[in-house]
Amino acid sequence: MPDLLQIGGVTDVMRGRLEEAFTIHKLADGSYPAEAITHIATNGHDGVPAEVMASLPNLKMISCYGVGYDAIDVSVAKSRGVMVTHTPNVLNAEVATTAVMLMMACYRELLRDDAWVRSGDWEKTGNAPLTRSVDNQKVGILGLGRIGQAIADKLAPFGTTIVYHSRTQKDVAYQYYDNLTDMARDVDCLICITPGGPATNKIVNREVLDALGPEGTLINVSRGSVVDEAALIAALQDGRLGWAGLDVFEAEPHVPEALRAMSNVVLLPHVGSATVETRAAMGALTVDNLLQHLAQGTVISPVPECVGM
Ligand code: NAP
Ligand code: 8YV
């Protein structure tokens, strides 16, 4: 059987299917037969370390369990003729739910009010302070791609006015902004859902956060690198930004103490797609890509750079 290098974890179902077709070697075990490895199964967090990719002379394909592939150097892979696949679409609805859930938790002070009940404050001091309605808000989506559109769809029943910023204008009815700061100035809530990587590094900077302003809410379900975390912390501490709902961070799993200490932020441990149902679909597509590549030399969902390879 061909040899596969497993980077990071896989589910039991994925392992069972992979074991029928590959001899599996785990990077975590410390050694692997470099010459023999033809395939890699990895994920969006672990990617493929540069030294690992360089150590595999006969590598043919990398399958990523996740849609974001900024932790894999696709230009190096492509220059070596190595196919890279990912798991688009099957997680759109789940990640959109996470974004909307974070927005609602910020607006309706879910964590504060849960604590109000648990601490006995309701009995001791009476009703909790009022919150803000999620209805009829103007929401700016940074990155109106597959998941961005799913977020817009999920927000439609709330009477939301959707506007968006991306590099190119899309064929949609929503207002397009070619300037992110201008969009941030005009919206109540900014939701980030672009890819990570150099092109989007810290594009949500101090200027954008100040434009969003003290009544504004920032939701980030994209990558921690998209938001300047130090500028975000400063804006929240100074009251220049109102609220933040964050699923992703600059140096995961490290989350700065300053963020953990704030009551106007809601924090999640990068679980945008992390339900049993959606992870099963992502796992199935990750393995299907590997098995089809083995059997036919083709794949189902190449990353855009590898289409037509
Ligand atoms: P997609 O369909 O490729 O959409 C990406 C969008 O971002 C497009 O609208 C693209 O439009 C825009 N974009 C790309 N580069 C940009 C730039 N430099 N400036 C402004 N806009 C830019 O991708 P998707 O499937 O929706 O996934 C998006 C990302 O979400 C993934 O790459 C991943 O990082 C993240 N994600 C996170 C989780 C989680 O668990 N939190 C789960 C899944 C995905 P243009 O090309 O016109 O710019
Ligand atoms: C996963 C993600 O957490 O798909 C992505 O880009 O960020 C998430 O769905 C991750 O990639 C799983 O490995």
# chains A, B, ... in the order shown; residues from 1 in each chain; ligands from 1
call {"tool": "residues_near_ligand", "arguments": {"ligand": "ligand 1", "cutoff": "6 Å", "atoms": "only C-alpha atoms and all ligand atoms", "output": "VMD selection string"}}
result
chain A and resid 67 to 68 88 95 143 to 148 166 to 168 193 to 196 199 to 200 221 to 223 247 270 to 273
call {"tool": "select_by_dssp", "arguments": {"residues": "region 136-165 of chain A", "states": "strand (DSSP E)", "output": "ChimeraX atom specification"}}
result
/A:138-142,161-165
call {"tool": "write_last_selection", "arguments": {"atoms": "C-alpha atoms", "output": "mmCIF file, in the first residue's frame"}}
result
data_model
loop_
_atom_site.group_PDB
_atom_site.id
_atom_site.type_symbol
_atom_site.label_atom_id
_atom_site.label_comp_id
_atom_site.auth_asym_id
_atom_site.auth_seq_id
_atom_site.Cartn_x
_atom_site.Cartn_y
_atom_site.Cartn_z
ATOM 1 C CA LYS A 138 -26.305 47.161 8.891
ATOM 2 C CA VAL A 139 -23.674 44.449 8.602
ATOM 3 C CA GLY A 140 -20.481 44.682 6.560
ATOM 4 C CA ILE A 141 -19.071 41.386 5.351
ATOM 5 C CA LEU A 142 -15.331 41.384 4.724
ATOM 6 C CA THR A 161 -28.864 45.380 5.441
ATOM 7 C CA ILE A 162 -25.834 43.602 4.006
ATOM 8 C CA VAL A 163 -22.903 45.454 2.446
ATOM 9 C CA TYR A 164 -19.507 43.971 1.612
ATOM 10 C CA HIS A 165 -15.861 44.497 0.805
#
call {"tool": "residues_around", "arguments": {"residues": "Ser63 (chain A)", "least_positions_apart": "5", "cutoff": "10 Å", "atoms": "only C-alpha atoms", "output": "PDB file with N, CA, C and O atoms, in the first residue's frame"}}
result
ATOM      1  N   GLN A   6       0.332  11.458   8.144  1.00  0.00           N
ATOM      2  CA  GLN A   6      -0.780  12.134   8.826  1.00  0.00           C
ATOM      3  C   GLN A   6      -0.217  13.234   9.716  1.00  0.00           C
ATOM      4  O   GLN A   6       0.572  12.984  10.615  1.00  0.00           O
ATOM      5  N   HIS A  39       1.463  10.800  -0.117  1.00  0.00           N
ATOM      6  CA  HIS A  39       0.280  11.592   0.214  1.00  0.00           C
ATOM      7  C   HIS A  39       0.373  12.121   1.649  1.00  0.00           C
ATOM      8  O   HIS A  39       0.965  11.474   2.510  1.00  0.00           O
ATOM      9  N   ILE A  40      -0.253  13.287   1.855  1.00  0.00           N
ATOM     10  CA  ILE A  40      -0.343  13.866   3.208  1.00  0.00           C
ATOM     11  C   ILE A  40      -1.808  14.136   3.509  1.00  0.00           C
ATOM     12  O   ILE A  40      -2.540  14.664   2.664  1.00  0.00           O
ATOM     13  N   ALA A  41      -2.234  13.784   4.728  1.00  0.00           N
ATOM     14  CA  ALA A  41      -3.525  14.253   5.257  1.00  0.00           C
ATOM     15  C   ALA A  41      -3.199  15.227   6.375  1.00  0.00           C
ATOM     16  O   ALA A  41      -2.499  14.871   7.331  1.00  0.00           O
ATOM     17  N   THR A  42      -3.678  16.466   6.237  1.00  0.00           N
ATOM     18  CA  THR A  42      -3.407  17.469   7.263  1.00  0.00           C
ATOM     19  C   THR A  42      -4.664  18.295   7.501  1.00  0.00           C
ATOM     20  O   THR A  42      -5.761  17.898   7.094  1.00  0.00           O
ATOM     21  N   ASN A  43      -4.519  19.398   8.182  1.00  0.00           N
ATOM     22  CA  ASN A  43      -5.678  20.249   8.485  1.00  0.00           C
ATOM     23  C   ASN A  43      -5.252  21.705   8.417  1.00  0.00           C
ATOM     24  O   ASN A  43      -4.062  22.014   8.285  1.00  0.00           O
ATOM     25  N   GLY A  47      -1.316  22.544   8.849  1.00  0.00           N
ATOM     26  CA  GLY A  47      -0.767  22.715   7.514  1.00  0.00           C
ATOM     27  C   GLY A  47       0.327  21.701   7.227  1.00  0.00           C
ATOM     28  O   GLY A  47       0.259  20.548   7.682  1.00  0.00           O
ATOM     29  N   TYR A  69      -6.387  27.187   3.713  1.00  0.00           N
ATOM     30  CA  TYR A  69      -5.138  26.436   3.512  1.00  0.00           C
ATOM     31  C   TYR A  69      -3.923  27.357   3.599  1.00  0.00           C
ATOM     32  O   TYR A  69      -2.874  27.080   3.006  1.00  0.00           O
ATOM     33  N   MET A  83      -0.346  18.188  -5.903  1.00  0.00           N
ATOM     34  CA  MET A  83      -1.737  18.634  -5.845  1.00  0.00           C
ATOM     35  C   MET A  83      -2.135  18.937  -4.395  1.00  0.00           C
ATOM     36  O   MET A  83      -1.792  18.191  -3.482  1.00  0.00           O
ATOM     37  N   VAL A  84      -2.884  20.045  -4.194  1.00  0.00           N
ATOM     38  CA  VAL A  84      -3.404  20.377  -2.848  1.00  0.00           C
ATOM     39  C   VAL A  84      -4.924  20.473  -2.936  1.00  0.00           C
ATOM     40  O   VAL A  84      -5.453  21.146  -3.833  1.00  0.00           O
ATOM     41  N   THR A  85      -5.616  19.787  -2.022  1.00  0.00           N
ATOM     42  CA  THR A  85      -7.081  19.869  -1.981  1.00  0.00           C
ATOM     43  C   THR A  85      -7.528  20.409  -0.625  1.00  0.00           C
ATOM     44  O   THR A  85      -6.763  20.389   0.342  1.00  0.00           O
ATOM     45  N   HIS A  86      -8.779  20.885  -0.571  1.00  0.00           N
ATOM     46  CA  HIS A  86      -9.357  21.388   0.689  1.00  0.00           C
ATOM     47  C   HIS A  86     -10.838  21.028   0.730  1.00  0.00           C
ATOM     48  O   HIS A  86     -11.312  20.275  -0.144  1.00  0.00           O
ATOM     49  N   THR A  87     -11.573  21.549   1.723  1.00  0.00           N
ATOM     50  CA  THR A  87     -12.980  21.118   1.901  1.00  0.00           C
ATOM     51  C   THR A  87     -13.944  22.313   1.846  1.00  0.00           C
ATOM     52  O   THR A  87     -14.560  22.670   2.855  1.00  0.00           O
ATOM     53  N   LEU A 285     -14.913  14.378   2.732  1.00  0.00           N
ATOM     54  CA  LEU A 285     -14.346  15.007   1.524  1.00  0.00           C
ATOM     55  C   LEU A 285     -12.813  14.937   1.534  1.00  0.00           C
ATOM     56  O   LEU A 285     -12.190  14.721   0.479  1.00  0.00           O
ATOM     57  N   THR A 286     -12.228  15.088   2.707  1.00  0.00           N
ATOM     58  CA  THR A 286     -10.759  14.987   2.823  1.00  0.00           C
ATOM     59  C   THR A 286     -10.284  13.614   2.349  1.00  0.00           C
ATOM     60  O   THR A 286      -9.321  13.499   1.573  1.00  0.00           O
ATOM     61  N   VAL A 287     -10.981  12.559   2.801  1.00  0.00           N
ATOM     62  CA  VAL A 287     -10.594  11.189   2.434  1.00  0.00           C
ATOM     63  C   VAL A 287     -10.974  10.896   0.977  1.00  0.00           C
ATOM     64  O   VAL A 287     -10.197  10.280   0.236  1.00  0.00           O
ATOM     65  N   ASP A 288     -12.152  11.354   0.559  1.00  0.00           N
ATOM     66  CA  ASP A 288     -12.566  11.121  -0.839  1.00  0.00           C
ATOM     67  C   ASP A 288     -11.532  11.679  -1.812  1.00  0.00           C
ATOM     68  O   ASP A 288     -11.219  11.062  -2.831  1.00  0.00           O
ATOM     69  N   ASN A 289     -11.009  12.870  -1.496  1.00  0.00           N
ATOM     70  CA  ASN A 289      -9.976  13.457  -2.369  1.00  0.00           C
ATOM     71  C   ASN A 289      -8.752  12.554  -2.445  1.00  0.00           C
ATOM     72  O   ASN A 289      -8.205  12.325  -3.533  1.00  0.00           O
ATOM     73  N   LEU A 290      -8.313  12.022  -1.297  1.00  0.00           N
ATOM     74  CA  LEU A 290      -7.129  11.148  -1.269  1.00  0.00           C
ATOM     75  C   LEU A 290      -7.376   9.866  -2.055  1.00  0.00           C
ATOM     76  O   LEU A 290      -6.536   9.440  -2.856  1.00  0.00           O
ATOM     77  N   HIS A 293      -7.600  10.450  -5.794  1.00  0.00           N
ATOM     78  CA  HIS A 293      -6.272  10.727  -6.350  1.00  0.00           C
ATOM     79  C   HIS A 293      -5.488   9.431  -6.518  1.00  0.00           C
ATOM     80  O   HIS A 293      -4.805   9.229  -7.542  1.00  0.00           O
ATOM     81  N   VAL A 299      -8.847  14.744  -8.483  1.00  0.00           N
ATOM     82  CA  VAL A 299      -9.382  15.089  -7.155  1.00  0.00           C
ATOM     83  C   VAL A 299     -10.724  15.797  -7.314  1.00  0.00           C
ATOM     84  O   VAL A 299     -11.082  16.235  -8.409  1.00  0.00           O
ATOM     85  N   SER A 301     -11.909  18.433  -5.001  1.00  0.00           N
ATOM     86  CA  SER A 301     -11.920  19.859  -4.633  1.00  0.00           C
ATOM     87  C   SER A 301     -10.495  20.398  -4.454  1.00  0.00           C
ATOM     88  O   SER A 301     -10.031  20.591  -3.321  1.00  0.00           O
ATOM     89  N   PRO A 302      -9.835  20.671  -5.606  1.00  0.00           N
ATOM     90  CA  PRO A 302      -8.500  21.282  -5.526  1.00  0.00           C
ATOM     91  C   PRO A 302      -8.596  22.707  -4.996  1.00  0.00           C
ATOM     92  O   PRO A 302      -9.629  23.371  -5.179  1.00  0.00           O
ATOM     93  N   VAL A 303      -7.547  23.201  -4.356  1.00  0.00           N
ATOM     94  CA  VAL A 303      -7.503  24.629  -4.034  1.00  0.00           C
ATOM     95  C   VAL A 303      -7.424  25.385  -5.365  1.00  0.00           C
ATOM     96  O   VAL A 303      -6.971  24.817  -6.371  1.00  0.00           O
TER      97      VAL A 303
END
call {"tool": "select_by_dssp", "arguments": {"residues": "region 36-261 of chain A", "states": "alpha helix (DSSP H)", "output": "number ranges by chain"}}
result
A: 50-54, 74-79, 92-107, 110-118, 121-125, 146-155, 180-186, 206-212, 229-238, 257-260
call {"tool": "residues_around", "arguments": {"residues": "Phe249 (chain A)", "least_positions_apart": "6", "cutoff": "10 Å", "atoms": "only C-alpha atoms", "output": "PyMOL selection string"}}
result
chain A and resi 220-229+255-256+267-270
call {"tool": "write_last_selection", "arguments": {"atoms": "N, CA and C atoms", "output": "PDB file, in the first residue's frame"}}
result
ATOM      1  N   ASN A 220     -14.932  38.049  14.149  1.00  0.00           N
ATOM      2  CA  ASN A 220     -13.884  37.433  13.311  1.00  0.00           C
ATOM      3  C   ASN A 220     -13.995  35.916  13.359  1.00  0.00           C
ATOM      4  N   VAL A 221     -14.395  35.353  12.205  1.00  0.00           N
ATOM      5  CA  VAL A 221     -14.411  33.889  12.054  1.00  0.00           C
ATOM      6  C   VAL A 221     -13.497  33.470  10.902  1.00  0.00           C
ATOM      7  N   SER A 222     -12.583  34.370  10.510  1.00  0.00           N
ATOM      8  CA  SER A 222     -11.723  34.076   9.348  1.00  0.00           C
ATOM      9  C   SER A 222     -10.413  33.452   9.811  1.00  0.00           C
ATOM     10  N   ARG A 223      -9.413  34.261  10.051  1.00  0.00           N
ATOM     11  CA  ARG A 223      -8.139  33.850  10.625  1.00  0.00           C
ATOM     12  C   ARG A 223      -7.696  34.959  11.567  1.00  0.00           C
ATOM     13  N   GLY A 224      -6.975  34.601  12.626  1.00  0.00           N
ATOM     14  CA  GLY A 224      -6.500  35.602  13.572  1.00  0.00           C
ATOM     15  C   GLY A 224      -5.623  36.649  12.901  1.00  0.00           C
ATOM     16  N   SER A 225      -4.908  36.240  11.853  1.00  0.00           N
ATOM     17  CA  SER A 225      -3.984  37.147  11.160  1.00  0.00           C
ATOM     18  C   SER A 225      -4.690  38.307  10.462  1.00  0.00           C
ATOM     19  N   VAL A 226      -5.985  38.165  10.212  1.00  0.00           N
ATOM     20  CA  VAL A 226      -6.723  39.193   9.460  1.00  0.00           C
ATOM     21  C   VAL A 226      -6.904  40.470  10.297  1.00  0.00           C
ATOM     22  N   VAL A 227      -6.945  40.299  11.622  1.00  0.00           N
ATOM     23  CA  VAL A 227      -7.167  41.439  12.526  1.00  0.00           C
ATOM     24  C   VAL A 227      -5.868  41.734  13.277  1.00  0.00           C
ATOM     25  N   ASP A 228      -5.520  43.008  13.383  1.00  0.00           N
ATOM     26  CA  ASP A 228      -4.370  43.415  14.197  1.00  0.00           C
ATOM     27  C   ASP A 228      -4.805  43.285  15.659  1.00  0.00           C
ATOM     28  N   GLU A 229      -4.371  42.180  16.296  1.00  0.00           N
ATOM     29  CA  GLU A 229      -4.884  41.842  17.640  1.00  0.00           C
ATOM     30  C   GLU A 229      -4.509  42.897  18.681  1.00  0.00           C
ATOM     31  N   VAL A 255      -4.457  32.888  23.731  1.00  0.00           N
ATOM     32  CA  VAL A 255      -5.342  34.049  23.631  1.00  0.00           C
ATOM     33  C   VAL A 255      -4.868  35.054  24.684  1.00  0.00           C
ATOM     34  N   PRO A 256      -4.539  36.278  24.268  1.00  0.00           N
ATOM     35  CA  PRO A 256      -3.981  37.250  25.216  1.00  0.00           C
ATOM     36  C   PRO A 256      -4.864  37.424  26.456  1.00  0.00           C
ATOM     37  N   LEU A 267     -15.482  34.870  23.310  1.00  0.00           N
ATOM     38  CA  LEU A 267     -14.329  34.130  22.786  1.00  0.00           C
ATOM     39  C   LEU A 267     -14.688  32.672  22.544  1.00  0.00           C
ATOM     40  N   LEU A 268     -14.303  32.172  21.383  1.00  0.00           N
ATOM     41  CA  LEU A 268     -14.483  30.744  21.063  1.00  0.00           C
ATOM     42  C   LEU A 268     -13.135  30.163  20.637  1.00  0.00           C
ATOM     43  N   PRO A 269     -12.905  28.862  20.910  1.00  0.00           N
ATOM     44  CA  PRO A 269     -11.612  28.234  20.575  1.00  0.00           C
ATOM     45  C   PRO A 269     -11.559  27.681  19.158  1.00  0.00           C
ATOM     46  N   HIS A 270     -11.717  28.518  18.153  1.00  0.00           N
ATOM     47  CA  HIS A 270     -11.678  28.138  16.729  1.00  0.00           C
ATOM     48  C   HIS A 270     -12.569  26.907  16.472  1.00  0.00           C
TER      49      HIS A 270
END
call {"tool": "residues_around", "arguments": {"residues": "Val48 (chain A)", "least_positions_apart": "3", "cutoff": "9 Å", "atoms": "only C-alpha atoms", "output": "list in words"}}
result
Ile7, Ile40, Thr42, Asn43, Glu51, Val52, Met53, Ile62, Ala71, Ile72 and Asp73 of chain A
call {"tool": "write_last_selection", "arguments": {"atoms": "N, CA, C and O atoms", "output": "PDB file, in the first residue's frame"}}
result
ATOM      1  N   ILE A   7      -0.662  14.480   9.427  1.00  0.00           N
ATOM      2  CA  ILE A   7      -0.232  15.627  10.243  1.00  0.00           C
ATOM      3  C   ILE A   7      -1.446  16.097  11.035  1.00  0.00           C
ATOM      4  O   ILE A   7      -2.483  16.416  10.461  1.00  0.00           O
ATOM      5  N   ILE A  40      -0.253  13.287   1.855  1.00  0.00           N
ATOM      6  CA  ILE A  40      -0.343  13.866   3.208  1.00  0.00           C
ATOM      7  C   ILE A  40      -1.808  14.136   3.509  1.00  0.00           C
ATOM      8  O   ILE A  40      -2.540  14.664   2.664  1.00  0.00           O
ATOM      9  N   THR A  42      -3.678  16.466   6.237  1.00  0.00           N
ATOM     10  CA  THR A  42      -3.407  17.469   7.263  1.00  0.00           C
ATOM     11  C   THR A  42      -4.664  18.295   7.501  1.00  0.00           C
ATOM     12  O   THR A  42      -5.761  17.898   7.094  1.00  0.00           O
ATOM     13  N   ASN A  43      -4.519  19.398   8.182  1.00  0.00           N
ATOM     14  CA  ASN A  43      -5.678  20.249   8.485  1.00  0.00           C
ATOM     15  C   ASN A  43      -5.252  21.705   8.417  1.00  0.00           C
ATOM     16  O   ASN A  43      -4.062  22.014   8.285  1.00  0.00           O
ATOM     17  N   GLU A  51       9.784  22.333   6.288  1.00  0.00           N
ATOM     18  CA  GLU A  51      10.857  21.321   6.331  1.00  0.00           C
ATOM     19  C   GLU A  51      10.297  19.925   6.077  1.00  0.00           C
ATOM     20  O   GLU A  51      11.000  19.054   5.534  1.00  0.00           O
ATOM     21  N   VAL A  52       9.035  19.722   6.421  1.00  0.00           N
ATOM     22  CA  VAL A  52       8.415  18.413   6.163  1.00  0.00           C
ATOM     23  C   VAL A  52       8.177  18.257   4.665  1.00  0.00           C
ATOM     24  O   VAL A  52       8.527  17.237   4.060  1.00  0.00           O
ATOM     25  N   MET A  53       7.600  19.285   4.045  1.00  0.00           N
ATOM     26  CA  MET A  53       7.365  19.215   2.598  1.00  0.00           C
ATOM     27  C   MET A  53       8.694  18.979   1.866  1.00  0.00           C
ATOM     28  O   MET A  53       8.777  18.135   0.967  1.00  0.00           O
ATOM     29  N   ILE A  62      -1.531  16.616  -1.264  1.00  0.00           N
ATOM     30  CA  ILE A  62      -1.803  17.039   0.119  1.00  0.00           C
ATOM     31  C   ILE A  62      -3.305  17.279   0.224  1.00  0.00           C
ATOM     32  O   ILE A  62      -3.865  18.065  -0.549  1.00  0.00           O
ATOM     33  N   ALA A  71      -1.921  27.656   5.912  1.00  0.00           N
ATOM     34  CA  ALA A  71      -0.781  27.014   6.598  1.00  0.00           C
ATOM     35  C   ALA A  71      -0.036  26.050   5.669  1.00  0.00           C
ATOM     36  O   ALA A  71       0.857  25.325   6.125  1.00  0.00           O
ATOM     37  N   ILE A  72      -0.427  26.014   4.388  1.00  0.00           N
ATOM     38  CA  ILE A  72       0.271  25.169   3.407  1.00  0.00           C
ATOM     39  C   ILE A  72       0.855  26.093   2.338  1.00  0.00           C
ATOM     40  O   ILE A  72       0.132  26.932   1.795  1.00  0.00           O
ATOM     41  N   ASP A  73       2.129  25.935   2.028  1.00  0.00           N
ATOM     42  CA  ASP A  73       2.733  26.779   0.984  1.00  0.00           C
ATOM     43  C   ASP A  73       2.388  26.168  -0.381  1.00  0.00           C
ATOM     44  O   ASP A  73       3.111  25.314  -0.903  1.00  0.00           O
TER      45      ASP A  73
END
